[in-house]
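Chemist: I'm passing along query.txt; it holds compact mmCIF, C-alpha atoms.
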```txt
# COMPACT_ATOMS: atom_id res chain seq x y z
CA MET A 1063 0.00 0.00 0.00
CA LEU A 1064 1.30 3.49 -0.81
CA PRO A 1065 1.86 5.95 1.99
CA VAL A 1066 -0.80 8.64 2.35
CA ARG A 1067 1.67 11.30 1.18
CA THR A 1068 2.19 9.59 -2.15
CA ARG A 1069 -1.54 9.14 -2.58
CA SER A 1070 -2.03 12.82 -1.71
CA PHE A 1071 0.45 13.83 -4.37
CA LEU A 1072 -1.22 11.67 -7.00
CA LEU A 1073 -4.62 13.03 -6.18
CA GLY A 1074 -3.25 16.59 -6.14
CA VAL A 1075 -2.09 16.13 -9.72
CA LEU A 1076 -5.52 14.86 -10.69
CA VAL A 1077 -7.25 17.83 -9.05
CA PHE A 1078 -4.98 20.20 -10.92
CA ILE A 1079 -5.95 18.61 -14.22
CA ALA A 1080 -9.60 18.82 -13.23
CA LEU A 1081 -9.34 22.51 -12.47
CA LEU A 1082 -7.68 23.13 -15.83
CA VAL A 1083 -10.34 21.32 -17.76
CA GLY A 1084 -13.16 22.68 -15.64
CA HIS A 1085 -16.41 20.95 -14.99
CA GLY A 1086 -19.37 23.17 -15.75
CA ALA A 1087 -22.47 21.88 -14.01
CA GLN A 1088 -24.67 21.09 -16.99
CA ALA A 1089 -28.37 21.23 -16.59
CA ASN A 1090 -29.56 17.75 -17.30
CA GLU A 1091 -32.74 17.84 -19.36
CA ALA A 1092 -33.14 14.08 -19.21
CA ALA A 1093 -33.04 14.23 -15.42
CA ARG A 1094 -35.80 16.86 -15.38
CA ALA A 1095 -38.02 14.54 -17.37
CA LEU A 1096 -37.66 12.05 -14.51
CA ASP A 1097 -40.03 14.09 -12.38
CA ALA A 1098 -42.81 13.11 -14.80
CA ILE A 1099 -42.32 9.34 -14.35
CA ALA A 1100 -44.92 7.54 -12.19
CA ALA A 1101 -43.31 5.67 -9.29
CA ASP A 1102 -44.15 2.14 -8.13
CA VAL A 1103 -43.24 1.63 -4.46
CA GLU A 1104 -43.61 -2.17 -4.63
CA ARG A 1105 -41.19 -2.39 -7.54
CA GLY A 1106 -38.97 -0.01 -5.64
CA ALA A 1107 -38.74 -2.50 -2.78
CA ARG A 1108 -37.29 -5.02 -5.21
CA VAL A 1109 -34.78 -2.50 -6.55
CA PHE A 1110 -33.88 -1.66 -2.96
CA ARG A 1111 -33.19 -5.34 -2.21
CA SER A 1112 -31.15 -5.67 -5.39
CA THR A 1113 -28.79 -2.98 -4.07
CA GLY A 1114 -28.23 -5.06 -0.95
CA GLY A 1115 -30.77 -3.03 1.01
CA CYS A 1116 -28.69 0.18 0.93
CA THR A 1117 -27.12 -1.37 4.03
CA CYS A 1118 -24.12 0.98 4.10
CA HIS A 1119 -26.59 3.69 5.15
CA THR A 1120 -27.56 1.80 8.32
CA ASN A 1121 -25.05 1.69 11.13
CA TYR A 1122 -25.48 -1.94 12.19
CA PRO A 1123 -21.82 -2.38 13.22
CA GLY A 1124 -21.88 0.68 15.49
CA GLU A 1125 -25.44 0.50 16.82
CA GLY A 1126 -26.51 -3.14 16.57
CA PRO A 1127 -29.53 -4.74 14.91
CA ASN A 1128 -31.87 -1.92 16.03
CA ALA A 1129 -29.83 0.83 14.41
CA PRO A 1130 -32.15 3.39 12.75
CA GLU A 1131 -32.69 2.18 9.19
CA LEU A 1132 -31.05 4.32 6.48
CA ALA A 1133 -30.12 7.11 8.91
CA GLY A 1134 -26.43 6.90 8.01
CA GLY A 1135 -23.47 7.43 10.31
CA ARG A 1136 -21.82 4.15 9.43
CA ALA A 1137 -18.02 4.37 9.31
CA MET A 1138 -16.53 3.22 6.01
CA GLU A 1139 -12.82 2.67 6.44
CA THR A 1140 -10.81 3.21 3.25
CA PRO A 1141 -7.11 3.66 2.44
CA PHE A 1142 -7.90 7.40 2.16
CA GLY A 1143 -9.53 7.82 5.56
CA VAL A 1144 -12.82 7.14 7.32
CA PHE A 1145 -15.98 8.29 5.55
CA TYR A 1146 -19.46 8.19 7.10
CA SER A 1147 -22.54 7.16 5.17
CA THR A 1148 -25.31 9.75 4.94
CA ASN A 1149 -28.86 9.96 6.20
CA ILE A 1150 -31.15 8.90 3.32
CA THR A 1151 -34.36 8.71 5.35
CA PRO A 1152 -37.18 11.10 4.32
CA ASP A 1153 -36.32 13.51 7.15
CA ARG A 1154 -36.72 16.95 5.60
CA GLU A 1155 -33.77 18.61 7.26
CA THR A 1156 -31.12 15.96 7.76
CA GLY A 1157 -32.28 13.34 5.24
CA ILE A 1158 -33.45 13.49 1.65
CA GLY A 1159 -37.15 14.21 2.23
CA GLU A 1160 -37.02 17.44 0.21
CA TRP A 1161 -35.42 15.89 -2.85
CA SER A 1162 -37.04 15.65 -6.26
CA ASN A 1163 -36.78 12.65 -8.55
CA ALA A 1164 -34.18 14.56 -10.54
CA ASP A 1165 -32.13 15.28 -7.40
CA PHE A 1166 -32.11 11.60 -6.52
CA ALA A 1167 -31.22 10.56 -10.07
CA ARG A 1168 -28.34 13.05 -10.19
CA ALA A 1169 -26.97 11.71 -6.90
CA MET A 1170 -27.22 8.10 -8.08
CA ARG A 1171 -25.85 8.67 -11.57
CA GLU A 1172 -23.45 11.57 -11.24
CA GLY A 1173 -22.48 11.54 -7.58
CA LEU A 1174 -23.70 15.12 -7.13
CA SER A 1175 -25.82 16.59 -4.34
CA PRO A 1176 -28.79 18.85 -5.15
CA GLU A 1177 -26.43 21.78 -4.44
CA GLY A 1178 -23.93 20.41 -6.95
CA GLN A 1179 -21.38 19.17 -4.43
CA HIS A 1180 -19.46 16.00 -5.20
CA TYR A 1181 -20.14 12.88 -3.18
CA PHE A 1182 -17.15 10.87 -2.05
CA PRO A 1183 -16.86 7.68 -4.11
CA THR A 1184 -17.50 5.49 -1.08
CA PHE A 1185 -21.01 6.02 -2.47
CA PRO A 1186 -20.92 3.64 -5.46
CA TYR A 1187 -22.45 5.94 -8.08
CA PRO A 1188 -20.15 4.61 -10.82
CA SER A 1189 -22.16 1.36 -10.60
CA PHE A 1190 -25.53 3.02 -9.96
CA SER A 1191 -25.04 5.20 -13.05
CA GLY A 1192 -26.16 2.11 -15.02
CA LEU A 1193 -29.61 1.95 -13.38
CA THR A 1194 -32.68 2.58 -15.54
CA ASP A 1195 -34.83 5.68 -15.04
CA GLN A 1196 -37.73 3.58 -13.83
CA ASP A 1197 -35.62 1.69 -11.28
CA ILE A 1198 -34.19 4.93 -9.90
CA ILE A 1199 -37.62 6.53 -9.54
CA ASP A 1200 -39.11 3.41 -7.96
CA LEU A 1201 -36.18 3.04 -5.57
CA PHE A 1202 -36.55 6.67 -4.53
CA ALA A 1203 -40.28 6.17 -3.90
CA TYR A 1204 -39.55 3.12 -1.74
CA ILE A 1205 -36.89 4.92 0.29
CA GLN A 1206 -39.28 7.86 0.78
CA SER A 1207 -41.83 5.40 2.17
CA ARG A 1208 -39.49 4.37 5.00
CA PRO A 1209 -39.55 6.07 8.44
CA ALA A 1210 -37.87 9.46 8.71
CA ASP A 1211 -35.08 9.79 11.25
CA ARG A 1212 -33.44 13.03 12.25
CA ARG A 1213 -29.67 12.69 12.27
CA GLU A 1214 -27.02 15.10 11.03
CA ASN A 1215 -24.45 13.78 8.59
CA ARG A 1216 -20.90 13.37 9.83
CA ALA A 1217 -17.80 14.84 8.17
CA PRO A 1218 -15.09 12.41 7.09
CA GLU A 1219 -11.99 11.77 9.16
CA ALA A 1220 -9.45 11.91 6.39
CA PRO A 1221 -6.35 13.97 5.66
CA LEU A 1222 -6.43 16.65 2.98
CA PRO A 1223 -7.02 16.51 0.09
CA PHE A 1224 -9.25 13.46 0.54
CA SER A 1225 -11.61 15.18 2.98
CA TRP A 1226 -12.15 17.98 0.43
CA ARG A 1227 -15.12 17.38 -1.88
CA GLY A 1228 -13.50 19.38 -4.66
CA SER A 1229 -10.83 16.70 -4.98
CA VAL A 1230 -13.55 14.31 -6.14
CA ALA A 1231 -13.76 16.29 -9.40
CA GLY A 1232 -10.29 15.04 -10.25
CA TRP A 1233 -11.14 11.55 -9.11
CA LYS A 1234 -14.17 11.52 -11.41
CA LEU A 1235 -12.17 12.71 -14.41
CA VAL A 1236 -9.83 9.77 -14.11
CA ASN A 1237 -12.04 7.07 -12.64
CA PHE A 1238 -15.66 7.68 -13.53
CA THR A 1239 -17.39 6.78 -16.79
CA PRO A 1240 -21.15 6.40 -16.59
CA LYS A 1241 -22.20 2.81 -17.23
CA VAL A 1242 -24.00 2.04 -20.46
CA PHE A 1243 -25.08 -1.49 -21.32
CA ASP A 1244 -25.32 -2.80 -24.88
CA ASP A 1245 -28.16 -5.06 -26.04
CA ALA A 1246 -26.17 -8.21 -25.18
CA PRO A 1247 -26.42 -9.75 -28.65
CA GLY A 1248 -26.32 -13.55 -28.57
CA ARG A 1249 -27.00 -13.64 -24.83
CA SER A 1250 -30.12 -14.77 -22.99
CA GLU A 1251 -32.51 -12.40 -21.28
CA ALA A 1252 -31.45 -13.89 -17.93
CA TRP A 1253 -27.79 -13.13 -18.70
CA ALA A 1254 -28.60 -9.51 -19.51
CA ARG A 1255 -30.65 -9.22 -16.31
CA GLY A 1256 -27.78 -10.78 -14.37
CA ARG A 1257 -25.31 -8.32 -15.89
CA TYR A 1258 -27.55 -5.41 -14.93
CA LEU A 1259 -27.85 -6.68 -11.37
CA VAL A 1260 -24.18 -7.56 -10.87
CA GLU A 1261 -22.69 -4.51 -12.61
CA ALA A 1262 -25.21 -1.82 -11.65
CA ALA A 1263 -27.79 -2.50 -8.92
CA ALA A 1264 -25.95 -4.99 -6.70
CA HIS A 1265 -22.67 -3.12 -7.42
CA CYS A 1266 -20.57 -6.24 -6.73
CA GLY A 1267 -17.42 -4.73 -8.23
CA GLU A 1268 -17.35 -1.84 -5.78
CA CYS A 1269 -15.98 -4.26 -3.17
CA HIS A 1270 -14.86 -7.31 -5.17
CA THR A 1271 -12.75 -5.42 -7.75
CA PRO A 1272 -9.43 -4.12 -6.44
CA ARG A 1273 -8.72 -0.39 -6.72
CA THR A 1274 -5.92 1.53 -8.38
CA LEU A 1275 -3.65 3.97 -6.55
CA SER A 1276 -6.11 6.79 -7.16
CA GLY A 1277 -8.99 4.72 -5.75
CA GLY A 1278 -10.70 3.83 -9.02
CA LEU A 1279 -11.76 0.31 -9.90
CA ASP A 1280 -9.05 -1.66 -11.72
CA GLY A 1281 -10.97 -2.90 -14.77
CA SER A 1282 -8.27 -5.43 -15.66
CA MET A 1283 -9.00 -7.20 -12.36
CA ALA A 1284 -12.79 -7.00 -12.47
CA LEU A 1285 -14.40 -9.00 -9.62
CA ALA A 1286 -11.08 -10.75 -8.86
CA GLY A 1287 -11.18 -9.81 -5.18
CA SER A 1288 -9.65 -7.07 -3.07
CA VAL A 1289 -7.56 -6.98 0.08
CA GLU A 1290 -8.82 -3.44 0.66
CA GLY A 1291 -12.48 -4.42 0.90
CA PRO A 1292 -15.14 -2.51 2.81
CA GLU A 1293 -14.54 -1.80 6.49
CA GLY A 1294 -11.09 -3.37 6.31
CA GLN A 1295 -12.43 -6.77 5.25
CA LEU A 1296 -11.14 -9.02 2.48
CA ALA A 1297 -13.46 -9.22 -0.53
CA PRO A 1298 -13.05 -12.63 -2.20
CA ASN A 1299 -12.43 -13.33 -5.87
CA ILE A 1300 -15.85 -14.00 -7.43
CA THR A 1301 -14.68 -14.70 -10.99
CA PRO A 1302 -15.07 -18.26 -12.32
CA HIS A 1303 -11.40 -19.10 -11.62
CA GLU A 1304 -11.39 -22.68 -10.26
CA GLU A 1305 -8.76 -22.43 -7.53
CA THR A 1306 -8.86 -18.78 -6.47
CA GLY A 1307 -12.39 -17.71 -7.45
CA ILE A 1308 -15.78 -19.40 -7.29
CA GLY A 1309 -15.42 -21.52 -10.42
CA ASP A 1310 -16.01 -24.63 -8.32
CA TRP A 1311 -19.42 -23.33 -7.19
CA SER A 1312 -22.49 -24.47 -9.13
CA LYS A 1313 -25.21 -21.97 -10.03
CA ALA A 1314 -27.35 -23.59 -7.35
CA ASP A 1315 -24.51 -23.00 -4.85
CA LEU A 1316 -24.44 -19.31 -5.69
CA VAL A 1317 -28.23 -18.87 -5.56
CA TRP A 1318 -28.28 -20.67 -2.21
CA TYR A 1319 -25.43 -18.52 -0.97
CA LEU A 1320 -27.26 -15.30 -1.86
CA GLN A 1321 -30.45 -16.61 -0.20
CA MET A 1322 -28.94 -18.06 2.97
CA GLY A 1323 -25.46 -16.62 3.35
CA LEU A 1324 -24.12 -20.18 3.51
CA LYS A 1325 -21.17 -21.35 1.42
CA PRO A 1326 -21.01 -24.78 -0.24
CA ASP A 1327 -18.89 -26.10 2.66
CA GLY A 1328 -21.58 -25.06 5.17
CA ASP A 1329 -19.70 -22.06 6.60
CA ASP A 1330 -21.56 -18.80 7.10
CA THR A 1331 -20.70 -15.29 5.91
CA GLN A 1332 -19.08 -12.45 7.81
CA GLY A 1333 -18.99 -8.70 7.61
CA LEU A 1334 -20.82 -6.41 5.21
CA MET A 1335 -21.60 -9.29 2.84
CA SER A 1336 -23.73 -11.01 5.48
CA GLU A 1337 -25.69 -7.76 5.87
CA VAL A 1338 -26.32 -7.13 2.17
CA ILE A 1339 -27.58 -10.70 1.89
CA GLU A 1340 -29.84 -10.45 4.94
CA HIS A 1341 -31.29 -7.02 4.14
CA GLY A 1342 -31.22 -7.33 0.37
CA TYR A 1343 -30.27 -10.18 -1.93
CA ALA A 1344 -31.98 -12.91 0.15
CA GLU A 1345 -35.37 -11.31 -0.51
CA LEU A 1346 -34.94 -11.10 -4.29
CA PRO A 1347 -36.97 -13.45 -6.51
CA ALA A 1348 -35.04 -16.64 -7.30
CA SER A 1349 -35.11 -15.67 -10.98
CA ASP A 1350 -32.96 -12.61 -10.20
CA LEU A 1351 -30.44 -14.65 -8.21
CA GLU A 1352 -30.29 -17.27 -10.97
CA ALA A 1353 -29.66 -14.46 -13.46
CA MET A 1354 -26.77 -13.16 -11.34
CA ALA A 1355 -25.31 -16.68 -11.19
CA GLU A 1356 -25.66 -17.07 -14.94
CA TYR A 1357 -23.83 -13.80 -15.61
CA LEU A 1358 -21.09 -14.36 -13.02
CA ALA A 1359 -20.28 -17.74 -14.60
CA THR A 1360 -19.36 -15.90 -17.83
CA VAL A 1361 -17.15 -13.04 -16.58
CA PRO A 1362 -13.42 -13.36 -17.34
CA SER A 1363 -11.76 -15.91 -15.08
CA ILE A 1364 -8.86 -14.23 -13.24
CA GLU A 1365 -6.31 -15.96 -11.05
CA ASN A 1366 -5.96 -13.94 -7.87
CA ARG A 1367 -5.64 -15.41 -4.40
CA VAL A 1368 -6.98 -12.85 -1.95
CA LYS A 1369 -4.99 -13.08 1.27
CA ALA A 1370 -4.41 -10.69 4.13
CA PRO A 1371 -1.24 -8.63 3.43
CA MET B 1042 -17.25 -27.13 14.46
CA SER B 1043 -16.30 -29.13 11.36
CA ALA B 1044 -19.08 -31.64 12.16
CA ILE B 1045 -21.54 -28.76 12.19
CA GLY B 1046 -20.23 -27.26 8.96
CA THR B 1047 -20.35 -30.63 7.20
CA ASN B 1048 -23.96 -31.23 8.22
CA MET B 1049 -24.85 -27.69 7.17
CA GLY B 1050 -23.24 -28.33 3.79
CA ALA B 1051 -25.19 -31.58 3.42
CA ILE B 1052 -28.50 -29.88 4.20
CA GLY B 1053 -27.63 -27.18 1.68
CA ASP B 1054 -26.83 -29.79 -0.97
CA ILE B 1055 -30.17 -31.54 -0.45
CA LEU B 1056 -32.28 -28.37 -0.50
CA LYS B 1057 -30.57 -26.36 -3.23
CA ASN B 1058 -30.29 -29.32 -5.60
CA GLN B 1059 -33.67 -30.78 -4.59
CA LEU B 1060 -32.05 -34.17 -3.95
CA ASP B 1061 -34.44 -37.01 -3.19
CA VAL B 1062 -33.22 -37.96 0.28
CA PRO B 1063 -36.25 -38.79 2.46
CA GLY B 1064 -35.68 -37.58 6.02
CA GLY B 1065 -32.21 -36.28 5.09
CA VAL B 1066 -32.67 -32.67 6.14
CA ALA B 1067 -34.25 -33.60 9.48
CA ASN B 1068 -31.49 -36.17 10.17
CA HIS B 1069 -28.67 -33.72 9.52
CA ALA B 1070 -30.46 -30.97 11.43
CA ASN B 1071 -30.81 -33.25 14.45
CA GLN B 1072 -27.13 -34.15 14.21
CA MET B 1073 -26.35 -30.43 14.24
CA ALA B 1074 -28.52 -29.96 17.32
CA ASP B 1075 -26.77 -32.91 19.02
CA ALA B 1076 -23.40 -31.37 18.22
CA ALA B 1077 -24.36 -28.28 20.25
CA ALA B 1078 -23.27 -30.17 23.37
CA LEU B 1079 -19.73 -30.43 21.95
CA ILE B 1080 -19.21 -26.73 21.36
CA ALA B 1081 -18.48 -25.36 24.82
CA PRO B 1082 -16.08 -28.18 25.90
CA ALA B 1083 -14.30 -28.05 22.53
CA PHE B 1084 -13.68 -24.31 22.88
CA LYS B 1085 -12.48 -24.68 26.48
CA LYS B 1086 -9.86 -27.12 25.24
CA GLN B 1087 -8.87 -24.96 22.24
CA LEU B 1088 -8.56 -21.89 24.42
CA ALA B 1089 -6.43 -23.74 26.96
CA GLU B 1090 -4.10 -24.89 24.18
CA GLY B 1091 -3.92 -21.49 22.49
CA ALA B 1092 -4.60 -22.60 18.92
CA THR B 1093 -7.93 -20.85 18.43
CA ASP B 1094 -9.75 -18.32 16.32
CA ALA B 1095 -11.95 -17.36 19.25
CA LYS B 1096 -11.85 -13.74 20.41
CA VAL B 1097 -11.21 -12.93 24.07
CA GLU B 1098 -14.90 -11.98 24.32
CA ILE B 1099 -15.69 -15.69 24.46
CA TRP B 1100 -14.13 -15.75 27.98
CA SER B 1101 -15.34 -12.36 29.13
CA ASP B 1102 -18.90 -13.18 28.02
CA TRP B 1103 -19.10 -16.93 28.55
CA THR B 1104 -22.81 -16.80 29.48
CA GLY B 1105 -23.52 -14.94 26.23
CA PHE B 1106 -21.63 -17.64 24.39
CA GLU B 1107 -23.65 -20.38 26.09
CA LYS B 1108 -26.88 -18.55 25.26
CA ALA B 1109 -25.83 -18.36 21.59
CA ILE B 1110 -25.16 -22.11 21.61
CA GLU B 1111 -28.67 -22.70 23.02
CA ASP B 1112 -30.20 -20.50 20.31
CA TYR B 1113 -28.29 -22.47 17.71
CA GLU B 1114 -29.53 -25.78 19.12
CA SER B 1115 -33.17 -24.59 19.08
CA ALA B 1116 -32.76 -23.32 15.52
CA ALA B 1117 -31.42 -26.73 14.44
CA ARG B 1118 -34.35 -28.54 16.15
CA ALA B 1119 -36.78 -26.10 14.51
CA LEU B 1120 -35.34 -26.95 11.10
CA ALA B 1121 -35.65 -30.68 11.83
CA ALA B 1122 -39.31 -30.18 12.78
CA ALA B 1123 -40.07 -28.01 9.74
CA ALA B 1124 -38.38 -30.46 7.37
CA ALA B 1125 -40.24 -33.41 8.93
CA SER B 1126 -43.56 -31.58 8.36
CA GLY B 1127 -42.80 -31.40 4.65
CA ASP B 1128 -43.66 -27.68 4.46
CA ALA B 1129 -41.16 -26.19 2.01
CA GLY B 1130 -41.87 -22.59 3.01
CA ALA B 1131 -41.41 -23.31 6.72
CA THR B 1132 -38.25 -25.28 5.95
CA GLY B 1133 -36.75 -22.37 4.03
CA LYS B 1134 -37.59 -20.01 6.87
CA ALA B 1135 -36.13 -22.35 9.49
CA MET B 1136 -33.03 -22.75 7.32
CA ARG B 1137 -32.47 -19.02 7.35
CA GLY B 1138 -32.98 -19.00 11.10
CA LEU B 1139 -30.35 -21.69 11.50
CA GLY B 1140 -27.94 -19.90 9.16
CA LYS B 1141 -28.39 -16.74 11.18
CA SER B 1142 -27.70 -18.58 14.41
CA CYS B 1143 -24.19 -19.39 13.10
CA GLY B 1144 -23.55 -15.66 13.19
CA GLY B 1145 -24.86 -15.61 16.76
CA CYS B 1146 -21.45 -16.99 17.76
CA HIS B 1147 -19.28 -16.12 14.75
CA LYS B 1148 -19.97 -12.40 14.81
CA PRO B 1149 -19.22 -11.68 18.48
CA TYR B 1150 -16.78 -14.49 19.28
CA ARG B 1151 -14.88 -15.54 16.15
CA LYS B 1152 -11.95 -13.62 14.70
CA PRO B 1153 -12.33 -12.63 11.05
CA LYS B 1154 -10.81 -15.17 8.67
CA GLU B 1155 -8.09 -12.67 7.73
CA ASP B 1156 -6.86 -12.83 11.35
CA SER B 1157 -7.02 -16.62 11.67
CA TYR B 1158 -4.12 -18.21 13.53
CA LYS B 1159 -3.85 -20.55 10.54
CA ASN B 1160 -2.60 -17.61 8.43
CA GLN B 1161 0.06 -16.50 10.91
```
Take the structure in the file and write it out as structure tokens.
Modeler:
Amino acid sequence: MLPVRTRSFLLGVLVFIALLVGHGAQANEAARALDAIAADVERGARVFRSTGGCTCHTNYPGEGPNAPELAGGRAMETPFGVFYSTNITPDRETGIGEWSNADFARAMREGLSPEGQHYFPTFPYPSFSGLTDQDIIDLFAYIQSRPADRRENRAPEAPLPFSWRGSVAGWKLVNFTPKVFDDAPGRSEAWARGRYLVEAAAHCGECHTPRTLSGGLDGSMALAGSVEGPEGQLAPNITPHEETGIGDWSKADLVWYLQMGLKPDGDDTQGLMSEVIEHGYAELPASDLEAMAEYLATVPSIENRVKAP
Amino acid sequence: MSAIGTNMGAIGDILKNQLDVPGGVANHANQMADAAALIAPAFKKQLAEGATDAKVEIWSDWTGFEKAIEDYESAARALAAAAASGDAGATGKAMRGLGKSCGGCHKPYRKPKEDSYKNQ
């Protein structure tokens, strides 16, 4: 791992480039049209589960199983410092109760607050940028239907420049391309659904793909596991590599795993993964989990044994 | 613990692959419940010998540990009963309950895999 000073320098260079190029906040006409879409709360519940239940926004590790749902305050440890998840309950002052559909879509797709401030990329908007309009609107409606909880957001505990939101402009220039999916010619409908879930909604790569020095996802190692996983945990290799990935799991093994949190050898699951299963994936229709298994079986197989450094 | 894991794996194999093994789930679930009696003595021995992935909390909160073992045993018996009734929905629910009971000990009392003594 690089020392913080080296990382600071790298990011400083990126910020400089960003300032040169500039990033005019463009009005997004497409996003405005979102306000006209009719929301379906029931569908939104399914989208919510497909994200893993937005579990990073509930502080289970710090406050136990009765932590206020979606009220934020959960510490996300990263190599750049500790960042706290935000309050996404419908509270009007401290949550997102005042947001419009377009505000929510801009946050999910562009990592920008209604005031145009950058969100730190602990919020996985690079993955969520691939969500459909309808899914975003439905998800927002579902979240707005949950109980409001008043809780102020917490500033990150990170050295400069990482605690400065402006530095994220540079990060985005280098590391962020909105996700666009092709029509998946020659693939089944289930495969395309699985790709959408794995790559966008369930945002598997945000933990299971290792990151570059600047904190972007290393596309050449997609889903091959990371020693710098969430909250200091290891994120295993989930490519179909036989020895170091999950190539020796059947599709039924993977569906079962996402329903029960139990591996083929009978062991259970630890850490954030156990939470996103319990509050999210486990409640998805089996067809969605089968689709994820079908897609994951076809991603490039990468040899990478994830072990504690 | 390996006896428990093996039985858990067997139950998983039967349910996820819909194997035709009459009474199989209930049998393995009852074996898991029976194995509950082994847990506390096995950990006492491990802890005395030092080769363990248990956290110190297992000593400082021994009654909590024993309670978690009891919860696990009831969850295993509940799965055996649900499976014997032939109700697939109840079996699935009981299965999740049993899976969750693993975490009842693993979360508070087991070191993360990355810190396992086997990696040192």
Chemist: Give as a list in words every residue of chain B that touches chain A within 6 Å, counting only C-alpha atoms.
Modeler: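 Residues passing the distance filter: Gly1046, Met1049, Gly1050, Lys1057, Arg1137 and Glu1155 of chain B.
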Chemist: Which distance in Å separates CA of Val1361 (chain A) and CA of Gly1287 (chain A), to one decimal?
Modeler: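 It comes out at 13.3 Å.
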Chemist: Do you know which residues are at most 7 Å from Tyr1146 (chain A) counting all atoms listed in the file, after dropping those on the same chain fewer than 5 positions away, and could you put them as a PDB file with C-alpha atoms, in the coordinates of the input?
Modeler:
```pdb
ATOM      1  CA  GLY A1135     -23.470   7.430  10.310  1.00  0.00           C
ATOM      2  CA  ARG A1136     -21.820   4.150   9.430  1.00  0.00           C
ATOM      3  CA  ALA A1137     -18.020   4.370   9.310  1.00  0.00           C
ATOM      4  CA  MET A1138     -16.530   3.220   6.010  1.00  0.00           C
ATOM      5  CA  ARG A1216     -20.900  13.370   9.830  1.00  0.00           C
ATOM      6  CA  ALA A1217     -17.800  14.840   8.170  1.00  0.00           C
ATOM      7  CA  PRO A1218     -15.090  12.410   7.090  1.00  0.00           C
TER       8      PRO A1218
END
```
Chemist: List the spatial neighbours of region 1092-1102 of chain B as number ranges by chain - criterion: any atom at most 9 Å away, all atoms listed in the file, same-chain residues fewer than 4 positions off excluded.
Modeler: B: 1084, 1087-1088, 1106-1107, 1146-1147, 1149-1154, 1156-1159
Chemist: Those residues you just picked out, can you put them in a file as a CSV table (one decimal), in the frame of the given file with C-alpha atoms?
Modeler:
```csv
chain,number,residue,atom,x,y,z
B,1084,PHE,CA,-13.7,-24.3,22.9
B,1087,GLN,CA,-8.9,-25.0,22.2
B,1088,LEU,CA,-8.6,-21.9,24.4
B,1106,PHE,CA,-21.6,-17.6,24.4
B,1107,GLU,CA,-23.6,-20.4,26.1
B,1146,CYS,CA,-21.4,-17.0,17.8
B,1147,HIS,CA,-19.3,-16.1,14.8
B,1149,PRO,CA,-19.2,-11.7,18.5
B,1150,TYR,CA,-16.8,-14.5,19.3
B,1151,ARG,CA,-14.9,-15.5,16.2
B,1152,LYS,CA,-12.0,-13.6,14.7
B,1153,PRO,CA,-12.3,-12.6,11.0
B,1154,LYS,CA,-10.8,-15.2,8.7
B,1156,ASP,CA,-6.9,-12.8,11.4
B,1157,SER,CA,-7.0,-16.6,11.7
B,1158,TYR,CA,-4.1,-18.2,13.5
B,1159,LYS,CA,-3.8,-20.6,10.5
```
Chemist: Would you work out the distance separating CA of Ala1116 (chain B) from CA of Ala1074 (chain B), expressed in Å to one decimal?
Modeler: 8.1 Å
Chemist: With all atoms listed in the file as the counted atoms, please give the residues lying no more than 9 Å from Gly1115 (chain A), apart from itself and same-chain residues fewer than 3 positions off, as a ChimeraX atom specification.
Modeler: /A:1107,1109-1112,1118-1119,1337-1343
Chemist: One decimal, in Å: what's the spacing between CA of Asp1197 (chain A) and CA of Pro1347 (chain A)?
Modeler: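 Interatomic distance here is 15.9 Å.
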Chemist: Using all atoms listed in the file, can you tell me which of B:Ala1089, B:Ala1078, B:Ala1044, B:Ala1067 comes closest to Ala1121 (chain B)?
Modeler: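 The answer is B:Ala1067, which sits nearest to Ala1121 (chain B).
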Chemist: So which residues touch Glu1111 (chain B) within 12 Å, counting only C-alpha atoms, skipping near sequence neighbours fewer than 4 positions away, as a PDB file with C-alpha atoms, in the coordinates of the input?
Modeler:
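Output below, filename part.pdb:
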```pdb
ATOM      1  CA  MET B1073     -26.350 -30.430  14.240  1.00  0.00           C
ATOM      2  CA  ALA B1074     -28.520 -29.960  17.320  1.00  0.00           C
ATOM      3  CA  ASP B1075     -26.770 -32.910  19.020  1.00  0.00           C
ATOM      4  CA  ALA B1076     -23.400 -31.370  18.220  1.00  0.00           C
ATOM      5  CA  ALA B1077     -24.360 -28.280  20.250  1.00  0.00           C
ATOM      6  CA  ALA B1078     -23.270 -30.170  23.370  1.00  0.00           C
ATOM      7  CA  LEU B1079     -19.730 -30.430  21.950  1.00  0.00           C
ATOM      8  CA  ILE B1080     -19.210 -26.730  21.360  1.00  0.00           C
ATOM      9  CA  ALA B1081     -18.480 -25.360  24.820  1.00  0.00           C
ATOM     10  CA  THR B1104     -22.810 -16.800  29.480  1.00  0.00           C
ATOM     11  CA  GLY B1105     -23.520 -14.940  26.230  1.00  0.00           C
ATOM     12  CA  PHE B1106     -21.630 -17.640  24.390  1.00  0.00           C
ATOM     13  CA  GLU B1107     -23.650 -20.380  26.090  1.00  0.00           C
ATOM     14  CA  SER B1115     -33.170 -24.590  19.080  1.00  0.00           C
ATOM     15  CA  ALA B1116     -32.760 -23.320  15.520  1.00  0.00           C
ATOM     16  CA  ALA B1117     -31.420 -26.730  14.440  1.00  0.00           C
ATOM     17  CA  ARG B1118     -34.350 -28.540  16.150  1.00  0.00           C
ATOM     18  CA  LEU B1139     -30.350 -21.690  11.500  1.00  0.00           C
ATOM     19  CA  SER B1142     -27.700 -18.580  14.410  1.00  0.00           C
ATOM     20  CA  CYS B1143     -24.190 -19.390  13.100  1.00  0.00           C
ATOM     21  CA  GLY B1145     -24.860 -15.610  16.760  1.00  0.00           C
ATOM     22  CA  CYS B1146     -21.450 -16.990  17.760  1.00  0.00           C
TER      23      CYS B1146
END
```
